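One structure below.
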Amino acid sequence: MGLKTLLKSGILLDLYFFKNNRSASISRLIWPYLTLGLIMGMGILFGNTQSFRQNVQAPVNPLTYFVASTLAAMVSLDVMWGVGGSVLFHRWIGTLPYILLSPNRTSITLVLTYVPRYLLSAGIQLAEFTPLILMVEGVTGGTVKLCIIALALTIGMLPLLGFSALFASFLLSIKEETNVLGWLNPLILLFSGAFYPAYLLPRWARLISIVLPSTYTIELARLSAIIGSPVSRRITLLIGVLAAMSVIYNSASGLVIQIGERKAMKEGAI
Amino acid sequence: MSVKAFVRAKAVLWLHTIRLWRFRWSFLNWILSDAAWIFLFVLGALLFVPREQLSMAVKGAFWTIVAWSVISNFSSLIGSWMNFFISIGMVEEHLVRGFSPFKALLGRLITGSSITIASLLFMAMLVGGAFHVDLLSADRTWLLVLGLGLLAVEGISYGFTVAAISMRTSVPNNLLEILNLGIIGLLMVPVQAIPRSARLAYLCIPYVAPLHLMKVATSSALPMLLEKAVLISALEATAMFFVALFVMRFVEVWIKRNGVKAIGFW
């Protein structure tokens, strides 16, 4: 089974998922707006945008800030579930042994079958927020900001794939049916500064946020919220950090997932 | 209570308590994820609040989210469990033995309440610790208990109504979650922010009045329309309780004639 076949099967799986699970597809479309509405609604009811700028310590547009945050948080979550959580899903439905026994390496199968879904769902979510961003920021400014968000979502995916594959390996090696990702994912988002900037977190939490790739994806996406032109030096720096993290996490996951796979096959934890 | 009824009640309690113990990791997982998600949203919303108003806002946001947690936990933990109960064929088993499946479902209150209470305490510790606010302190404890109790009755009745509906037709789980999240939007609005003429109508929306009582009790809302809110909450809770009871009886009669549709949540 070649890599092209894996990619093709990923694309077909997603297309049929959207076609056959209409209510799930609708809820996928509504969910980002609900998240945005919940935070913005609560924020405006309990406070005001001036205090927001003071607290964030930056001249940002709150709406663009939370659109970028919501998008980056949603796609980060999607990657973590799509790659990391898929092991658990395959275990539940009984397809995990087939994936482990297939000629391709498990990490390759998990990542390649997931990439089309990521691109599709990130694209759909970005398209959903496009009219809102263009309305708030104007056509020219909005287009630039959308490009920054798209860049963050694309570059940010690379280290996240490796990072999530590490979780996949962890889930492979433990004989546990409980979905530990259920509580790990929101904690990761919390430490990544998903809705509350990481630099405002306590020192010990900032130390954790430094090693999480989602911190930089979210930060890069959020540069789009700065009023005026975003600083290109900061963008380049964040791209550099994400690229370095891609190398580190993907190399580590390649090694670790093999160990997890061997352990699972040896102990029958599948 | 006859001996037979006592034995059956004991069996239901035993079933759900032992399940709670066997699924203790899932239980812990649920609490942690509930609290983490809520903390994430609260932190985002509190970025808008001026520092001098933070303690009042934290309390308001916390109790709003606790209310949502009660509604959402009861609808998903009671309502969606029916899916499992139908799929393992237990509805018919109970019916042929002359025991209502809804009575077996009553035991889910143990699971629902345990998760809700544990999440509430954990969240209070987490959010309170982060903002140095004592979230569980109340100026009028009786009002807080009353509000929370009436809200729980409304949430449980809603959960049972949904569970009963799922025996006759399918209930899209995703849309139910969206509906629950939509409710939080309504719950967030403070009564004082509504035009004077529409305040009473606003309180009549399910869950709004008991939450208003909770907010007043914890000094996170102005004490207006208090007596009316108590009356509306009590009437609504009673009405929702009887609607749930009626729907359950109606559905039970219907499935005895036509059989379970076995769709449940999806």
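Naming scheme: A, B, ... for chains in displayed order of the structure tokens; residues 1 onward per chain; ligands 1 onward as shown.
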
Residues of chain B at most 7 Å from chain A: nearest atom pair and distance in Å, only C-alpha atoms, as a Markdown table:
| residue | atom | partner | partner_atom | distance |
| --- | --- | --- | --- | --- |
| B:Trp25 | CA | A:Thr178 | CA | 6.4 |
| B:Ser26 | CA | A:Thr178 | CA | 5.7 |
| B:Asn29 | CA | A:Trp183 | CA | 6.0 |
| B:Leu32 | CA | A:Trp183 | CA | 5.5 |
| B:Ser33 | CA | A:Trp183 | CA | 4.0 |
| B:Ala36 | CA | A:Pro186 | CA | 5.7 |
| B:Trp37 | CA | A:Pro186 | CA | 5.7 |
| B:Leu40 | CA | A:Leu190 | CA | 5.9 |
| B:Phe41 | CA | A:Ile39 | CA | 6.2 |
| B:Leu43 | CA | A:Tyr196 | CA | 5.8 |
| B:Gly44 | CA | A:Phe195 | CA | 4.7 |
| B:Ala45 | CA | A:Gly43 | CA | 4.2 |
| B:Leu46 | CA | A:Gly43 | CA | 6.1 |
| B:Leu47 | CA | A:Phe52 | CA | 5.2 |
| B:Phe48 | CA | A:Phe52 | CA | 4.2 |
| B:Val49 | CA | A:Gly47 | CA | 4.1 |
| B:Pro50 | CA | A:Ser51 | CA | 5.2 |
| B:Ala57 | CA | A:Phe46 | CA | 5.9 |
| B:Pro172 | CA | A:Ser23 | CA | 6.9 |
| B:Asn174 | CA | A:Ser27 | CA | 6.2 |
| B:Leu175 | CA | A:Ser27 | CA | 6.6 |
| B:Gly185 | CA | A:Leu38 | CA | 6.4 |
| B:Met188 | CA | A:Met42 | CA | 6.4 |
| B:Val189 | CA | A:Leu45 | CA | 6.9 |

Since we have the selection now, will you write its residues out, keeping C-alpha atoms, as a PDB file, in the first residue's frame?
ATOM      1  CA  TRP B  25     -11.155   6.668  35.499  1.00  0.00           C
ATOM      2  CA  SER B  26     -13.819   7.837  33.086  1.00  0.00           C
ATOM      3  CA  ASN B  29     -11.672  12.101  33.175  1.00  0.00           C
ATOM      4  CA  LEU B  32     -11.108  17.043  34.801  1.00  0.00           C
ATOM      5  CA  SER B  33     -12.170  17.758  31.240  1.00  0.00           C
ATOM      6  CA  ALA B  36     -10.490  22.395  32.208  1.00  0.00           C
ATOM      7  CA  TRP B  37     -12.866  23.481  29.432  1.00  0.00           C
ATOM      8  CA  LEU B  40     -10.388  27.888  29.503  1.00  0.00           C
ATOM      9  CA  PHE B  41     -13.559  29.778  28.575  1.00  0.00           C
ATOM     10  CA  LEU B  43     -10.128  32.901  31.419  1.00  0.00           C
ATOM     11  CA  GLY B  44     -10.881  34.164  27.913  1.00  0.00           C
ATOM     12  CA  ALA B  45     -13.999  36.044  29.011  1.00  0.00           C
ATOM     13  CA  LEU B  46     -12.285  37.588  32.029  1.00  0.00           C
ATOM     14  CA  LEU B  47      -9.774  39.332  29.790  1.00  0.00           C
ATOM     15  CA  PHE B  48     -12.512  41.894  29.176  1.00  0.00           C
ATOM     16  CA  VAL B  49     -13.065  42.688  32.835  1.00  0.00           C
ATOM     17  CA  PRO B  50     -11.435  45.709  34.534  1.00  0.00           C
ATOM     18  CA  ALA B  57     -17.286  39.065  37.359  1.00  0.00           C
ATOM     19  CA  PRO B 172     -29.078  14.117  17.339  1.00  0.00           C
ATOM     20  CA  ASN B 174     -24.441  17.012  18.456  1.00  0.00           C
ATOM     21  CA  LEU B 175     -27.378  19.334  18.071  1.00  0.00           C
ATOM     22  CA  GLY B 185     -25.785  32.482  25.937  1.00  0.00           C
ATOM     23  CA  MET B 188     -25.094  34.972  30.691  1.00  0.00           C
ATOM     24  CA  VAL B 189     -27.285  38.037  30.307  1.00  0.00           C
TER      25      VAL B 189
END

* **Shortest interatomic distance to Glu137 (chain A) - which of A:Tyr65, A:Tyr249, A:Phe18, A:Trp81, counting only C-alpha atoms** =>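 With only C-alpha atoms as the atom set, the closest residue is A:Tyr65.
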
* To do: Please identify all polymer residues within 9 Å of Val216 (chain B), counting only C-alpha atoms, omitting same-chain residues fewer than 2 positions from it, and present them as a ChimeraX atom specification.
  => /B:138-140,143-144,211-214,218-224,226

* Residue contacts of region 151-155 of chain B (8 Å, only C-alpha atoms) excluding same-chain residues fewer than 3 positions away, as a list in words ->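 Close residues of region 151-155 of chain B: Ala67, Val70, Ile71, Ser72, Phe74, Ser75, Gly147, Leu148, Tyr158, Gly159, Pro206, Tyr207, Pro210, Leu211, Ser233, Glu236, Ala237, Met240 and Phe241 of chain B.
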
Please dump the current selection as a short mmCIF file (atom, residue, chain, number, x, y, z; two decimals), in the first residue's frame; keep C-alpha atoms.
data_model
loop_
_atom_site.label_atom_id
_atom_site.label_comp_id
_atom_site.auth_asym_id
_atom_site.auth_seq_id
_atom_site.Cartn_x
_atom_site.Cartn_y
_atom_site.Cartn_z
CA ALA B 67 -25.62 26.20 35.75
CA VAL B 70 -25.81 21.06 35.60
CA ILE B 71 -28.04 21.26 32.52
CA SER B 72 -25.50 19.72 30.17
CA PHE B 74 -27.89 15.81 33.33
CA SER B 75 -29.02 15.85 29.72
CA GLY B 147 -31.67 28.16 43.23
CA LEU B 148 -29.29 25.26 42.68
CA TYR B 158 -35.07 17.88 30.84
CA GLY B 159 -32.69 14.89 30.86
CA PRO B 206 -36.32 27.94 31.60
CA TYR B 207 -33.24 27.97 33.86
CA PRO B 210 -33.10 29.80 39.30
CA LEU B 211 -29.75 31.05 38.05
CA SER B 233 -38.44 28.95 39.34
CA GLU B 236 -41.16 26.04 36.08
CA ALA B 237 -39.43 23.25 37.99
CA MET B 240 -40.92 20.54 33.82
CA PHE B 241 -41.09 17.70 36.36
#

* Asked: Leaving out Ala164 (chain B) and any residue of its chain fewer than 6 positions from it, which residues lie within 9 Å of it when counting only C-alpha atoms, given as number ranges by chain?
  -> B: 79, 82, 102, 244, 247-252

Considering only C-alpha atoms, return as an mmCIF file with C-alpha atoms, in the first residue's frame whatever protein or nucleic-acid residues lie within 8 Å of region 112-128 of chain B, sequence-local ones (same chain, fewer than 5 positions apart) excluded.
data_model
loop_
_atom_site.group_PDB
_atom_site.id
_atom_site.type_symbol
_atom_site.label_atom_id
_atom_site.label_comp_id
_atom_site.auth_asym_id
_atom_site.auth_seq_id
_atom_site.Cartn_x
_atom_site.Cartn_y
_atom_site.Cartn_z
ATOM 1 C CA PHE B 27 -15.483 9.594 36.006
ATOM 2 C CA TRP B 30 -15.117 13.704 32.889
ATOM 3 C CA ILE B 31 -14.537 15.927 35.928
ATOM 4 C CA LEU B 32 -11.108 17.043 34.801
ATOM 5 C CA ASP B 34 -15.302 19.611 32.394
ATOM 6 C CA ALA B 35 -13.279 21.790 34.717
ATOM 7 C CA ILE B 38 -14.735 25.776 31.759
ATOM 8 C CA PHE B 39 -11.536 27.299 33.074
ATOM 9 C CA PHE B 62 -18.488 30.830 37.565
ATOM 10 C CA VAL B 66 -22.011 25.843 36.903
ATOM 11 C CA SER B 69 -22.717 22.234 33.667
ATOM 12 C CA VAL B 70 -25.807 21.058 35.604
ATOM 13 C CA ASN B 73 -24.379 16.932 32.531
ATOM 14 C CA PHE B 74 -27.893 15.811 33.331
ATOM 15 C CA LEU B 77 -25.492 11.599 31.474
ATOM 16 C CA ILE B 78 -29.147 10.667 31.812
ATOM 17 C CA VAL B 133 -11.825 34.766 45.023
ATOM 18 C CA ASP B 134 -13.861 32.569 47.365
ATOM 19 C CA LEU B 135 -16.411 31.345 44.849
ATOM 20 C CA LEU B 136 -18.377 29.152 47.218
#

* Excluding same-chain residues fewer than 5 positions from region 116-124 of chain A, what lies within 8 Å of it counting only C-alpha atoms, as a list in words? ->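 Contacts, with the query itself left out: Leu7, Gly10, Ile11, Asp14, Leu29, Leu71, Val75, Asp78, Val79 and Leu153 of chain A.
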